[in-house]
>>> print(open('structure.cif').read())   # mmCIF, C-alpha atoms
data_entry
loop_
_atom_site.label_atom_id
_atom_site.label_comp_id
_atom_site.auth_asym_id
_atom_site.auth_seq_id
_atom_site.Cartn_x
_atom_site.Cartn_y
_atom_site.Cartn_z
CA MET H 1 -58.59 -2.17 32.71
CA LEU H 2 -59.93 -3.86 29.62
CA ASP H 3 -62.91 -2.31 27.85
CA PRO H 4 -65.86 -4.65 27.09
CA VAL H 5 -64.73 -5.28 23.49
CA ASN H 6 -61.16 -6.10 24.56
CA TYR H 7 -62.47 -8.32 27.32
CA ALA H 8 -64.79 -10.19 24.90
CA ILE H 9 -61.91 -10.70 22.45
CA TRP H 10 -59.59 -11.91 25.24
CA LEU H 11 -62.21 -14.40 26.45
CA ALA H 12 -63.00 -15.62 22.91
CA VAL H 13 -59.30 -16.19 22.17
CA LEU H 14 -58.79 -18.09 25.43
CA LEU H 15 -61.85 -20.30 24.85
CA VAL H 16 -60.86 -21.07 21.26
CA GLU H 17 -57.34 -22.04 22.38
CA ILE H 18 -58.70 -24.34 25.09
CA PHE H 19 -61.20 -25.82 22.62
CA SER H 20 -58.43 -26.48 20.10
CA PHE H 21 -56.24 -28.02 22.82
CA VAL H 22 -59.09 -30.41 23.78
CA CYS H 23 -59.68 -31.29 20.10
CA LEU H 24 -56.01 -32.17 19.63
CA LEU H 25 -55.98 -34.34 22.75
CA ARG H 26 -59.23 -36.07 21.77
CA GLN H 27 -57.74 -36.91 18.37
CA LYS H 28 -54.68 -38.39 20.15
CA ALA H 29 -52.36 -35.92 18.41
CA PHE H 30 -50.25 -35.33 21.53
CA SER H 31 -47.24 -37.45 20.56
CA LYS H 32 -47.36 -36.93 16.79
CA HIS H 33 -47.92 -33.18 17.00
CA PHE H 34 -46.43 -32.35 20.40
CA THR H 35 -45.26 -28.90 19.29
CA LEU H 36 -48.84 -27.89 18.39
CA VAL H 37 -50.05 -28.85 21.87
CA PHE H 38 -47.05 -27.05 23.39
CA TYR H 39 -47.81 -23.91 21.37
CA LEU H 40 -51.45 -23.91 22.52
CA CYS H 41 -50.36 -24.32 26.16
CA ALA H 42 -47.96 -21.39 25.73
CA CYS H 43 -50.80 -19.29 24.22
CA VAL H 44 -53.11 -20.06 27.15
CA ALA H 45 -50.34 -19.22 29.65
CA THR H 46 -49.64 -15.93 27.83
CA ASP H 47 -53.34 -14.99 27.83
CA ILE H 48 -53.67 -15.64 31.55
CA GLY H 49 -50.39 -13.78 32.21
CA SER H 50 -51.48 -10.75 30.20
CA TYR H 51 -54.82 -10.64 31.99
CA SER H 52 -53.16 -10.64 35.40
CA ILE H 53 -50.67 -7.93 34.31
CA ILE H 54 -53.52 -5.75 32.99
CA HIS H 55 -55.28 -6.21 36.34
CA ALA H 56 -52.15 -5.35 38.31
CA SER H 57 -50.60 -2.57 36.19
CA GLY H 58 -53.24 -1.47 33.69
CA TYR H 59 -53.65 -1.75 29.92
CA GLU H 60 -51.69 1.41 29.10
CA SER H 61 -48.74 0.56 31.35
CA ASP H 62 -45.16 -0.03 30.17
CA THR H 63 -45.16 -3.37 32.00
CA TYR H 64 -47.98 -4.63 29.78
CA PHE H 65 -46.30 -3.21 26.65
CA TYR H 66 -43.07 -5.12 27.39
CA PHE H 67 -44.91 -8.26 28.45
CA TYR H 68 -47.05 -8.24 25.29
CA PHE H 69 -44.24 -7.86 22.78
CA TYR H 70 -41.77 -10.18 24.52
CA SER H 71 -44.41 -12.89 25.04
CA GLN H 72 -45.38 -12.57 21.38
CA SER H 73 -41.73 -13.03 20.40
CA LEU H 74 -41.56 -16.16 22.56
CA LEU H 75 -44.78 -17.44 20.98
CA THR H 76 -43.27 -16.85 17.54
CA ILE H 77 -40.28 -18.95 18.59
CA CYS H 78 -42.74 -21.68 19.67
CA LEU H 79 -44.33 -21.31 16.25
CA TYR H 80 -40.91 -22.05 14.73
CA PHE H 81 -40.94 -25.36 16.60
CA VAL H 82 -44.38 -26.10 15.13
CA LEU H 83 -42.99 -25.32 11.70
CA MET H 84 -40.01 -27.60 12.29
CA ASN H 85 -42.43 -30.33 13.30
CA LEU H 86 -44.27 -29.88 10.01
CA TYR H 87 -40.95 -29.92 8.13
CA SER H 88 -39.98 -33.18 9.83
CA HIS H 89 -43.34 -34.75 8.87
CA VAL H 90 -42.95 -33.71 5.23
CA PHE H 91 -39.34 -34.93 5.05
CA SER H 92 -39.89 -37.92 7.36
CA GLU H 93 -38.90 -40.45 4.71
CA MET H 94 -35.62 -38.71 3.89
CA GLY H 95 -34.10 -38.87 7.40
CA VAL H 96 -33.02 -35.23 7.50
CA ALA H 97 -34.63 -34.26 10.85
CA LYS H 98 -31.36 -33.25 12.57
CA TYR H 99 -30.33 -30.99 9.67
CA ILE H 100 -33.73 -29.30 9.80
CA ARG H 101 -33.35 -28.66 13.54
CA ALA H 102 -29.85 -27.22 13.12
CA CYS H 103 -31.00 -25.03 10.24
CA ALA H 104 -33.98 -23.73 12.25
CA LEU H 105 -31.79 -22.78 15.22
CA LEU H 106 -29.34 -21.00 12.93
CA ILE H 107 -32.15 -19.02 11.27
CA LEU H 108 -33.69 -18.15 14.62
CA GLY H 109 -30.39 -16.88 16.05
CA GLY H 110 -29.60 -15.01 12.84
CA THR H 111 -32.99 -13.24 12.82
CA ALA H 112 -32.64 -12.13 16.45
CA GLY H 113 -29.08 -10.90 15.78
CA ILE H 114 -30.01 -8.97 12.64
CA SER H 115 -33.05 -7.41 14.37
CA TYR H 116 -30.89 -6.26 17.26
CA TYR H 117 -28.24 -4.88 14.90
CA LEU H 118 -30.83 -2.96 12.83
CA VAL H 119 -32.21 -1.27 15.94
CA ALA H 120 -28.84 -0.71 17.61
CA VAL H 121 -27.37 1.13 14.61
CA SER H 122 -30.38 3.47 14.41
CA SER H 123 -29.44 6.17 16.90
CA ASN H 124 -32.78 7.93 16.50
CA ARG H 125 -34.73 4.93 17.81
CA MET H 126 -34.97 3.55 21.32
CA VAL H 127 -33.45 0.12 21.96
CA THR H 128 -36.90 -0.90 23.26
CA HIS H 129 -38.12 -0.66 19.65
CA PHE H 130 -36.20 -3.93 19.26
CA VAL H 131 -39.22 -6.00 20.40
CA ALA H 132 -41.55 -4.64 17.73
CA GLU H 133 -38.87 -4.99 15.03
CA LEU H 134 -38.02 -8.51 16.21
CA GLY H 135 -41.69 -9.58 16.01
CA GLN H 136 -41.98 -8.32 12.44
CA ASN H 137 -38.74 -10.01 11.35
CA LEU H 138 -39.46 -13.31 13.12
CA TYR H 139 -42.87 -13.55 11.47
CA PHE H 140 -41.39 -12.66 8.10
CA VAL H 141 -38.78 -15.43 8.39
CA GLY H 142 -41.75 -17.66 9.30
CA VAL H 143 -43.41 -16.61 6.04
CA VAL H 144 -40.30 -17.51 4.04
CA LEU H 145 -39.91 -20.88 5.79
CA THR H 146 -43.60 -21.76 5.34
CA TYR H 147 -43.44 -20.76 1.68
CA LEU H 148 -40.40 -22.98 1.17
CA LEU H 149 -42.18 -25.86 2.89
CA TRP H 150 -45.28 -25.36 0.74
CA GLY H 151 -43.07 -25.32 -2.38
CA ALA H 152 -41.36 -28.55 -1.27
CA MET H 153 -44.75 -30.17 -0.62
CA ALA H 154 -45.93 -29.24 -4.10
CA LYS H 155 -42.72 -30.60 -5.61
CA LEU H 156 -42.86 -33.84 -3.59
CA ARG H 157 -46.59 -34.21 -4.43
CA GLU H 158 -47.48 -34.44 -0.75
CA ASN H 159 -51.07 -35.69 -0.47
CA ARG H 160 -51.81 -35.95 3.27
CA THR H 161 -54.77 -33.57 3.67
CA ARG H 162 -54.13 -32.85 7.34
CA LEU H 163 -50.53 -31.88 6.72
CA LEU H 164 -51.55 -29.81 3.70
CA GLN H 165 -54.12 -27.85 5.70
CA LEU H 166 -51.82 -27.39 8.69
CA VAL H 167 -49.10 -25.89 6.48
CA LEU H 168 -51.53 -23.65 4.58
CA SER H 169 -53.23 -22.36 7.74
CA MET H 170 -49.79 -21.67 9.19
CA GLY H 171 -48.95 -19.74 6.01
CA VAL H 172 -52.10 -17.65 6.37
CA TYR H 173 -51.29 -16.87 10.02
CA VAL H 174 -47.62 -15.95 9.62
CA SER H 175 -48.32 -13.84 6.52
CA LEU H 176 -51.14 -12.00 8.29
CA SER H 177 -48.99 -11.44 11.38
CA ALA H 178 -45.89 -10.32 9.45
CA GLY H 179 -47.99 -7.90 7.40
CA SER H 180 -49.80 -6.46 10.42
CA TYR H 181 -46.57 -6.10 12.45
CA ALA H 182 -45.03 -4.26 9.51
CA MET H 183 -48.10 -2.01 9.25
CA ASN H 184 -47.89 -1.42 13.00
CA ASN H 185 -44.29 -0.32 12.56
CA LEU H 186 -45.33 2.03 9.76
CA TYR H 187 -48.41 3.40 11.57
CA PRO H 188 -47.87 2.89 15.30
CA ASN H 189 -50.02 4.13 18.21
CA HIS H 190 -53.30 3.42 16.45
CA THR H 191 -56.16 2.01 18.57
CA PHE H 192 -57.06 -0.35 15.71
CA TRP H 193 -54.07 -2.58 16.55
CA GLN H 194 -55.19 -3.31 20.10
CA TYR H 195 -58.25 -5.09 18.62
CA PHE H 196 -56.69 -6.44 15.45
CA PHE H 197 -53.74 -8.41 16.89
CA PRO H 198 -55.80 -10.47 19.38
CA VAL H 199 -58.46 -11.19 16.73
CA THR H 200 -55.87 -12.57 14.28
CA SER H 201 -54.57 -14.97 16.96
CA ILE H 202 -57.91 -16.84 16.81
CA TRP H 203 -57.17 -18.13 13.30
CA LEU H 204 -54.51 -20.73 14.09
CA PRO H 205 -56.25 -22.59 16.98
CA LEU H 206 -59.56 -22.52 15.06
CA SER H 207 -58.05 -23.93 11.87
CA TRP H 208 -56.20 -26.62 13.85
CA ALA H 209 -59.40 -27.60 15.64
CA TYR H 210 -61.15 -27.83 12.26
CA THR H 211 -58.36 -29.90 10.69
CA PHE H 212 -58.13 -32.38 13.57
CA THR H 213 -61.87 -32.85 14.02
CA LYS H 214 -63.09 -32.75 10.41
CA VAL H 215 -60.23 -34.17 8.36
CA PRO H 216 -59.59 -37.90 8.94
CA ALA H 217 -55.96 -38.81 9.74
CA ASP H 218 -55.68 -40.94 6.60
CA ALA H 219 -57.45 -38.49 4.23
CA GLN H 220 -55.58 -37.75 1.03
CA LEU H 221 -55.82 -34.85 -1.38
CA ALA H 222 -53.69 -34.31 -4.48
CA THR H 223 -51.65 -31.10 -4.15
CA ALA H 224 -52.40 -30.43 -7.82
CA ARG H 225 -56.10 -29.95 -6.97
CA VAL H 226 -55.13 -27.10 -4.66
CA LEU H 227 -52.55 -25.57 -7.00
CA ALA H 228 -53.92 -26.00 -10.52
CA PRO H 229 -56.96 -23.95 -11.45
CA ASN H 230 -60.33 -25.73 -11.38
CA GLN H 231 -59.40 -29.41 -11.36
CA MET F 1 -38.42 0.81 3.83
CA ILE F 2 -37.96 -2.74 5.22
CA ALA F 3 -41.38 -2.60 6.89
CA SER F 4 -43.04 -1.57 3.59
CA LEU F 5 -41.29 -4.38 1.75
CA ILE F 6 -42.30 -6.95 4.38
CA CYS F 7 -45.86 -5.62 4.29
CA GLY F 8 -46.05 -5.95 0.48
CA ILE F 9 -44.56 -9.45 0.30
CA SER F 10 -46.66 -10.68 3.24
CA SER F 11 -49.86 -9.43 1.61
CA LEU F 12 -49.05 -11.43 -1.54
CA THR F 13 -48.20 -14.61 0.39
CA LEU F 14 -51.30 -14.16 2.55
CA LEU F 15 -53.42 -14.05 -0.58
CA GLN F 16 -51.75 -17.14 -2.02
CA PHE F 17 -51.97 -19.17 1.19
CA PHE F 18 -55.58 -18.18 1.78
CA VAL F 19 -56.60 -19.08 -1.79
CA SER F 20 -54.82 -22.45 -1.50
CA TYR F 21 -56.35 -23.13 1.92
CA SER F 22 -59.86 -22.34 0.65
CA ARG F 23 -59.26 -24.49 -2.43
CA SER F 24 -58.20 -27.40 -0.20
CA ILE F 25 -61.53 -27.09 1.67
CA ILE F 26 -63.43 -26.97 -1.64
CA ALA F 27 -61.51 -29.98 -3.04
CA GLU F 28 -62.19 -31.92 0.16
CA SER F 29 -65.95 -31.30 -0.19
CA ARG F 30 -66.06 -32.32 -3.86
CA GLY F 31 -66.01 -35.98 -2.79
CA HIS F 32 -69.45 -35.61 -1.19
CA LYS F 33 -72.41 -36.30 -3.48
CA LEU F 34 -75.39 -34.05 -2.82
CA SER F 35 -78.57 -35.88 -1.82
CA GLU F 36 -81.80 -35.45 -3.78
CA GLN F 37 -83.48 -34.00 -0.68
CA ALA F 38 -80.86 -31.27 -0.38
CA ARG F 39 -81.15 -30.46 -4.09
CA GLU F 40 -84.90 -30.16 -3.76
CA ILE F 41 -84.72 -27.91 -0.68
CA CYS F 42 -82.08 -25.64 -2.26
CA GLY F 43 -83.82 -25.56 -5.66
CA ILE F 44 -80.77 -26.96 -7.47
CA THR F 45 -81.67 -28.43 -10.85
CA THR F 46 -78.18 -28.67 -12.40
CA SER F 47 -75.42 -31.14 -11.45
CA SER F 48 -73.84 -28.63 -9.03
CA PRO F 49 -75.22 -25.41 -7.51
CA ASP F 50 -74.79 -22.13 -9.36
CA VAL F 51 -73.07 -19.05 -7.98
CA GLU F 52 -76.48 -17.41 -7.50
CA HIS F 53 -77.44 -20.16 -5.05
CA PHE F 54 -74.70 -19.17 -2.58
CA GLY F 55 -76.69 -16.45 -0.81
CA ARG F 56 -79.75 -18.66 -0.43
CA LEU F 57 -77.64 -21.59 0.76
CA ASN F 58 -76.01 -19.39 3.40
CA GLN F 59 -79.44 -18.25 4.61
CA LEU F 60 -80.59 -21.87 4.86
CA ILE F 61 -77.38 -22.82 6.71
CA ALA F 62 -78.08 -20.04 9.21
CA LEU F 63 -81.57 -21.47 9.76
CA CYS F 64 -80.38 -25.05 10.21
CA PRO F 65 -78.89 -25.73 13.67
CA GLU F 66 -75.14 -26.33 13.75
CA VAL F 67 -74.69 -29.82 15.07
CA ASP F 68 -71.39 -30.86 13.59
CA ASP F 69 -69.28 -27.78 14.37
CA ASP F 70 -68.74 -26.80 10.73
CA GLY F 71 -69.11 -23.02 11.19
CA PHE F 72 -65.38 -22.43 10.57
CA LYS F 73 -65.63 -24.07 7.14
CA VAL F 74 -68.69 -21.99 6.17
CA ARG F 75 -67.09 -18.72 7.29
CA THR F 76 -63.77 -19.43 5.51
CA VAL F 77 -65.49 -20.35 2.25
CA SER F 78 -67.82 -17.31 2.53
CA MET F 79 -64.78 -15.07 2.96
CA TYR F 80 -63.22 -16.66 -0.15
CA PHE F 81 -66.49 -16.23 -2.07
CA TYR F 82 -66.70 -12.51 -1.29
CA LEU F 83 -62.98 -12.05 -1.98
CA LEU F 84 -63.56 -13.60 -5.41
CA GLY F 85 -66.54 -11.29 -5.92
CA PHE F 86 -64.30 -8.33 -5.18
CA ALA F 87 -61.63 -9.71 -7.54
CA LYS F 88 -64.28 -10.14 -10.24
CA THR F 89 -65.30 -6.49 -9.95
CA ILE F 90 -61.68 -5.36 -10.30
CA MET F 91 -60.71 -7.88 -12.99
CA SER F 92 -63.78 -7.51 -15.22
CA TRP F 93 -62.34 -4.39 -16.87
CA ALA F 94 -58.60 -5.01 -16.32
CA PHE F 95 -58.34 -8.74 -17.12
CA PRO F 96 -61.64 -10.18 -18.44
CA ALA F 97 -60.04 -13.57 -19.28
CA ALA F 98 -59.95 -14.33 -15.54
CA ASN F 99 -63.76 -14.20 -15.24
CA PRO F 100 -64.50 -17.85 -16.13
CA TRP F 101 -61.92 -19.03 -13.55
CA ILE F 102 -63.39 -16.75 -10.87
CA GLU F 103 -66.91 -17.97 -11.64
CA ALA F 104 -65.81 -21.62 -11.44
CA GLU F 105 -64.17 -20.94 -8.07
CA ARG F 106 -67.30 -19.22 -6.79
CA GLY F 107 -69.29 -22.23 -7.99
CA GLY F 108 -66.97 -24.39 -5.87
CA CYS F 109 -67.80 -22.22 -2.84
CA ALA F 110 -71.52 -22.70 -3.53
CA TYR F 111 -70.92 -26.46 -3.70
CA VAL F 112 -69.24 -26.43 -0.26
CA ALA F 113 -72.21 -24.48 1.17
CA ALA F 114 -74.60 -27.05 -0.34
CA VAL F 115 -72.56 -29.92 1.16
CA VAL F 116 -72.59 -28.27 4.61
CA LEU F 117 -76.36 -27.76 4.38
CA ASP F 118 -76.85 -31.34 3.18
CA ARG F 119 -74.86 -32.70 6.14
CA ARG F 120 -76.72 -30.48 8.61
CA ILE F 121 -80.11 -31.58 7.28
CA ALA F 122 -79.08 -35.25 7.40
CA ARG F 123 -77.69 -34.90 10.93
CA ASN F 124 -80.77 -33.04 12.20
CA ARG F 125 -83.08 -35.63 10.66
CA MET F 126 -81.10 -38.35 12.40
CA ILE F 127 -81.44 -36.55 15.75
CA VAL F 128 -85.20 -36.10 15.23
CA ALA F 129 -85.53 -39.80 14.32
CA ASP F 130 -83.53 -40.75 17.45
CA LEU F 131 -85.76 -38.58 19.62
CA ALA F 132 -88.91 -40.01 18.03
CA SER F 133 -87.76 -43.56 18.69
CA HIS F 134 -87.29 -42.91 22.45
#
>>> encode(input="structure.cif", output="structure tokens")
Amino acid sequence: MLDPVNYAIWLAVLLVEIFSFVCLLRQKAFSKHFTLVFYLCACVATDIGSYSIIHASGYESDTYFYFYFYSQSLLTICLYFVLMNLYSHVFSEMGVAKYIRACALLILGGTAGISYYLVAVSSNRMVTHFVAELGQNLYFVGVVLTYLLWGAMAKLRENRTRLLQLVLSMGVYVSLSAGSYAMNNLYPNHTFWQYFFPVTSIWLPLSWAYTFTKVPADAQLATARVLAPNQ
Amino acid sequence: MIASLICGISSLTLLQFFVSYSRSIIAESRGHKLSEQAREICGITTSSPDVEHFGRLNQLIALCPEVDDDGFKVRTVSMYFYLLGFAKTIMSWAFPAANPWIEAERGGCAYVAAVVLDRRIARNRMIVADLASH
């Protein structure tokens, strides 16, 4: 069973995700940012799934452990699709969408393969450790890809405020997740993580809701004002 | 070893992305000109609010009902403000040249808080006027 704090966090996360989903639909972002809507739907489905598994098998059960880490890995893969969507928006005028897709699939496959190899060659670790290692590596590749995208945006002098904020909020989320997964691998079995991971997942839907409701679609902001000190 | 490396690099990128994200929110708010009423309420006599005004502005924001769903903006900028305060404490003896930059950034945070308060006051006045007209 969930304790009251866990239950409150679970409910808050679910409500924020639904709120963000409604905001995106109200701003008619469904077709332009389909992957964002898809990611939010996947998050809601995962939350409901985890709640029913906790009810059926308990919070400390192996079933929940496997469900949590594998669903998080699937959500990270969905996050890759969001990232590819942002890449295609940034490079929309260059006509390189198919190369971006191919590159993303290659990176995704490569990360999964390397994660499996790293765990398989370590005889002192269980193969089930693969899920935790995969999560850390997937998020870290997400950090690298977001950083590259942010660098490209700065170089191309991208000035669409919405796009700028979507990429930066994504950067915050993947960095925070990669760092906390790595810390979890270094210091596992700490009760702190059972509260920390769900709390961090609030960031992305909240920042998306803010961007789509507060920043007009045609708003522009010079990248230099974000990069250069005090302009 | 790999986990430590990932943890270190991710912490640095997190800091950079968060600073850039907060700066984008500050830059976005710079376009808004503060009204005279808001200046008077906040006790701002200069062209933009000082760092010292931030605490008072936050208290006033807490008192003013949230009608435009801008709580996320206030919380993000507050986090950035306190992060800069922490950086100032560390940097003041290690790298004093960074102090003017940090103060300017904190001033930007105070400006965002003033803009949020200004918008909330304006929106609440509009609601009161609407109610009075019915």
>>> resolve_selection(input="structure.cif", expression="the PyMOL selection byres ((chain F) within 7 of (chain H))", output="PyMOL selection string")
chain F and resi 3-4+6-7+10-11+13-14+17-18+20-21+23-24+27+104-105
>>> resolve_selection(input="structure.cif", expression="the PyMOL selection byres ((chain F and resi 111-115) around 10)", output="compact mmCIF listing (two decimals) with C-alpha atoms, keeping the file's coordinate frame")
# COMPACT_ATOMS: atom_id res chain seq x y z
CA ILE F 25 -61.53 -27.09 1.67
CA ILE F 26 -63.43 -26.97 -1.64
CA ALA F 27 -61.51 -29.98 -3.04
CA GLU F 28 -62.19 -31.92 0.16
CA SER F 29 -65.95 -31.30 -0.19
CA ARG F 30 -66.06 -32.32 -3.86
CA GLY F 31 -66.01 -35.98 -2.79
CA HIS F 32 -69.45 -35.61 -1.19
CA LYS F 33 -72.41 -36.30 -3.48
CA LEU F 34 -75.39 -34.05 -2.82
CA SER F 35 -78.57 -35.88 -1.82
CA ALA F 38 -80.86 -31.27 -0.38
CA ARG F 39 -81.15 -30.46 -4.09
CA CYS F 42 -82.08 -25.64 -2.26
CA ILE F 44 -80.77 -26.96 -7.47
CA SER F 48 -73.84 -28.63 -9.03
CA PRO F 49 -75.22 -25.41 -7.51
CA ASP F 50 -74.79 -22.13 -9.36
CA VAL F 51 -73.07 -19.05 -7.98
CA HIS F 53 -77.44 -20.16 -5.05
CA PHE F 54 -74.70 -19.17 -2.58
CA GLY F 55 -76.69 -16.45 -0.81
CA ARG F 56 -79.75 -18.66 -0.43
CA LEU F 57 -77.64 -21.59 0.76
CA ASN F 58 -76.01 -19.39 3.40
CA LEU F 60 -80.59 -21.87 4.86
CA ILE F 61 -77.38 -22.82 6.71
CA LYS F 73 -65.63 -24.07 7.14
CA VAL F 74 -68.69 -21.99 6.17
CA ARG F 75 -67.09 -18.72 7.29
CA VAL F 77 -65.49 -20.35 2.25
CA SER F 78 -67.82 -17.31 2.53
CA GLU F 105 -64.17 -20.94 -8.07
CA ARG F 106 -67.30 -19.22 -6.79
CA GLY F 107 -69.29 -22.23 -7.99
CA GLY F 108 -66.97 -24.39 -5.87
CA CYS F 109 -67.80 -22.22 -2.84
CA ALA F 110 -71.52 -22.70 -3.53
CA VAL F 116 -72.59 -28.27 4.61
CA LEU F 117 -76.36 -27.76 4.38
CA ASP F 118 -76.85 -31.34 3.18
CA ARG F 119 -74.86 -32.70 6.14
CA ARG F 120 -76.72 -30.48 8.61
CA ILE F 121 -80.11 -31.58 7.28
>>> resolve_selection(input="structure.cif", expression="the PyMOL selection byres ((chain H and resi 33) around 12)", output="ChimeraX atom specification")
/H:21,24-25,27-32,34-40,81-89,162-163,166,208,212
>>> atom_distance(input="structure.cif", atom1="CA of Ile90 in chain F", atom2="CA of Ile102 in chain F")
11.5 Å
>>> atom_distance(input="structure.cif", atom1="CA of Val13 in chain H", atom2="CA of Ile202 in chain H")
5.6 Å
